[in-house]
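Reviewing the structure listed below.
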Amino acid sequence: MLFPEEHELIERIAVALIRRRERMGTAESCTGGLIAAACTSLSGSSQWFERGVVSYSNQAKTELLGVPAALIDLHGAVSAEVAAHMARGLLAHAPLDWALAVTGIAGPSGGSAEKPVGTVWLALAHGCEPPRVWQEHFAGDRHAVRVATLRSGLMALCEALEDREA
């Protein structure tokens, strides 16, 4: 169930994408499709939402999004490099204009000293531009980390779209 803040963000994203005649998609790991589900909860989302790819395993990241296995071995699945490749890979494999990618550790297990639970990397890619990549550290249980990731990604996309319209 979406909170009013997320619903408002999705409506703003929908308006901006429809106005620009653009489409978006998601490449999700730790959120398991939560962002795509939130986007498609809005009636008429087929006008602007193209697809969501849940690439939970490293193999899926490689097979579906073209993330090199060597890159995952070198930096780990939860890294700026992998998030950026996920977003660029989705753009390369789908007829869309915007790609939002997320990879992280939602917990309660899986964390380490270098990458504690709540560590999330997000990437937003548009066209041929280099992706915007950022790291978040969210507190709370698994659900809280996943919802916070959804909010961060949607907010970044909404801001990017609205900045381009200003």
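Lettering and numbering for the structure tokens are positional, with chains as A, B, ... in the shown order, residues counted from 1 in each chain, and ligands counted from 1 in the shown order.
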Please list as a ChimeraX atom specification every residue within 10 Å of A:Pro131, counting only C-alpha atoms and excluding residues in the same chain fewer than 2 positions away.
/A:83-85,87-88,98-101,122-129,133-134
Write the residues of the preceding selection, restricted to N, CA and C atoms, as an mmCIF file, in the first residue's frame.
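Result file is result12.cif:
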```cif
data_model
loop_
_atom_site.group_PDB
_atom_site.id
_atom_site.type_symbol
_atom_site.label_atom_id
_atom_site.label_comp_id
_atom_site.auth_asym_id
_atom_site.auth_seq_id
_atom_site.Cartn_x
_atom_site.Cartn_y
_atom_site.Cartn_z
ATOM 1 N N ALA A 83 25.224 -0.560 -9.841
ATOM 2 C CA ALA A 83 23.982 0.205 -10.001
ATOM 3 C C ALA A 83 23.981 0.954 -11.330
ATOM 4 N N ALA A 84 25.105 1.597 -11.659
ATOM 5 C CA ALA A 84 25.200 2.341 -12.921
ATOM 6 C C ALA A 84 25.044 1.408 -14.115
ATOM 7 N N HIS A 85 25.686 0.247 -14.065
ATOM 8 C CA HIS A 85 25.575 -0.718 -15.166
ATOM 9 C C HIS A 85 24.147 -1.265 -15.295
ATOM 10 N N ALA A 87 21.373 0.357 -14.621
ATOM 11 C CA ALA A 87 20.569 1.393 -15.272
ATOM 12 C C ALA A 87 20.901 1.496 -16.753
ATOM 13 N N ARG A 88 22.177 1.533 -17.092
ATOM 14 C CA ARG A 88 22.582 1.626 -18.496
ATOM 15 C C ARG A 88 22.155 0.373 -19.263
ATOM 16 N N TRP A 98 14.092 6.606 -19.550
ATOM 17 C CA TRP A 98 14.617 6.718 -18.188
ATOM 18 C C TRP A 98 14.706 5.334 -17.568
ATOM 19 N N ALA A 99 15.803 5.081 -16.847
ATOM 20 C CA ALA A 99 15.964 3.827 -16.120
ATOM 21 C C ALA A 99 16.371 4.140 -14.691
ATOM 22 N N LEU A 100 15.664 3.556 -13.745
ATOM 23 C CA LEU A 100 15.978 3.679 -12.329
ATOM 24 C C LEU A 100 16.413 2.315 -11.833
ATOM 25 N N ALA A 101 17.632 2.238 -11.301
ATOM 26 C CA ALA A 101 18.170 0.969 -10.827
ATOM 27 C C ALA A 101 18.499 1.067 -9.340
ATOM 28 N N LEU A 122 21.739 3.575 -5.778
ATOM 29 C CA LEU A 122 20.708 3.853 -6.765
ATOM 30 C C LEU A 122 21.350 4.540 -7.961
ATOM 31 N N ALA A 123 20.779 4.323 -9.129
ATOM 32 C CA ALA A 123 21.273 4.973 -10.347
ATOM 33 C C ALA A 123 20.081 5.365 -11.205
ATOM 34 N N LEU A 124 20.163 6.568 -11.747
ATOM 35 C CA LEU A 124 19.133 7.087 -12.630
ATOM 36 C C LEU A 124 19.795 7.447 -13.948
ATOM 37 N N ALA A 125 19.359 6.798 -15.022
ATOM 38 C CA ALA A 125 19.958 7.020 -16.336
ATOM 39 C C ALA A 125 18.917 7.569 -17.299
ATOM 40 N N HIS A 126 19.381 8.471 -18.155
ATOM 41 C CA HIS A 126 18.517 9.081 -19.168
ATOM 42 C C HIS A 126 19.301 9.222 -20.458
ATOM 43 N N GLY A 127 18.770 8.638 -21.530
ATOM 44 C CA GLY A 127 19.409 8.778 -22.834
ATOM 45 C C GLY A 127 20.877 8.394 -22.814
ATOM 46 N N CYS A 128 21.686 9.225 -23.437
ATOM 47 C CA CYS A 128 23.129 8.959 -23.537
ATOM 48 C C CYS A 128 23.932 9.615 -22.414
ATOM 49 N N GLU A 129 23.255 10.291 -21.506
ATOM 50 C CA GLU A 129 23.949 10.969 -20.417
ATOM 51 C C GLU A 129 24.508 9.948 -19.421
ATOM 52 N N VAL A 133 24.430 8.514 -9.920
ATOM 53 C CA VAL A 133 24.537 7.394 -8.989
ATOM 54 C C VAL A 133 24.723 7.952 -7.579
ATOM 55 N N TRP A 134 23.982 7.416 -6.628
ATOM 56 C CA TRP A 134 24.134 7.871 -5.253
ATOM 57 C C TRP A 134 23.912 6.718 -4.280
#
```
For stretch 81-128 of chain A versus stretch 28-52 of chain A, which residues have an atom no more than 7 Å away, and what is each residue's nearest atom pair and distance in Å rounded to one decimal, using only C-alpha atoms, chain-then-number order, as a tab-separated table?
```
residue	atom	partner	partner_atom	distance
A:Leu96	CA	A:Glu50	CA	6.6
A:Ala101	CA	A:Glu28	CA	5.6
A:Val102	CA	A:Glu28	CA	5.1
A:Thr103	CA	A:Ser29	CA	4.9
A:Gly104	CA	A:Cys30	CA	5.3
A:Ile105	CA	A:Cys30	CA	6.3
A:Ala106	CA	A:Cys30	CA	6.1
```
Of the candidates A:Asp141, A:Gly153, A:Leu74, A:Ser109, which one gets nearest to A:Trp121 if we count only C-alpha atoms?
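Distance minimum relative to A:Trp121 lands on A:Gly153.
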Counting only C-alpha atoms, which residue out of A:Asp97, A:Thr62, A:Arg132, A:Ser112 sits closest to A:Leu17?
A:Asp97
Identify which of the residues A:Leu91, A:Val78, A:Leu71, A:Val120 lies closest to A:Val147, counting only C-alpha atoms when measuring atom-to-atom distances.
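Of all the options, A:Val120 lies closest to A:Val147.
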Length of the atom CA of A:Ala16 to atom CA of A:Pro130 vector [Å]:
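According to the coordinates, atom CA of A:Ala16 and atom CA of A:Pro130 are separated by 20.9 Å.
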Using DSSP assignments from the backbone, pull out every residue in stretch 70-134 of chain A that falls under strand (DSSP E or B) and give it to me as an MDAnalysis selection string.
chainID A and resid 98:104 119:126 132:134
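We find atom CA of A:Ala139 and atom CA of A:Gly118 to be spaced 5.9 Å apart.
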Using only C-alpha atoms, can you tell me which of A:Leu9, A:Ala77, A:Ile72, A:Val15 comes closest to A:Ser152?
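Closest to A:Ser152 of all the choices is A:Leu9.
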Which residue is closest to A:Gln135? Choose from A:Ala80, A:Met155, A:Leu2, A:Glu162 and count only C-alpha atoms.
A:Ala80
Determine which residues of stretch 67-145 of chain A receive a DSSP assignment of alpha helix (DSSP H), computed from the backbone, and state them as a VMD selection string.
chain A and resid 69 to 75 80 to 93 142 to 145
One residue among A:Glu165, A:Glu114, A:Glu6, A:Glu11 is nearest to A:His75 when using only C-alpha atoms, and that residue is A:Glu114
State, in Å with one decimal place, the distance from atom CA of A:His137 to atom CA of A:Pro68.
25.2 Å
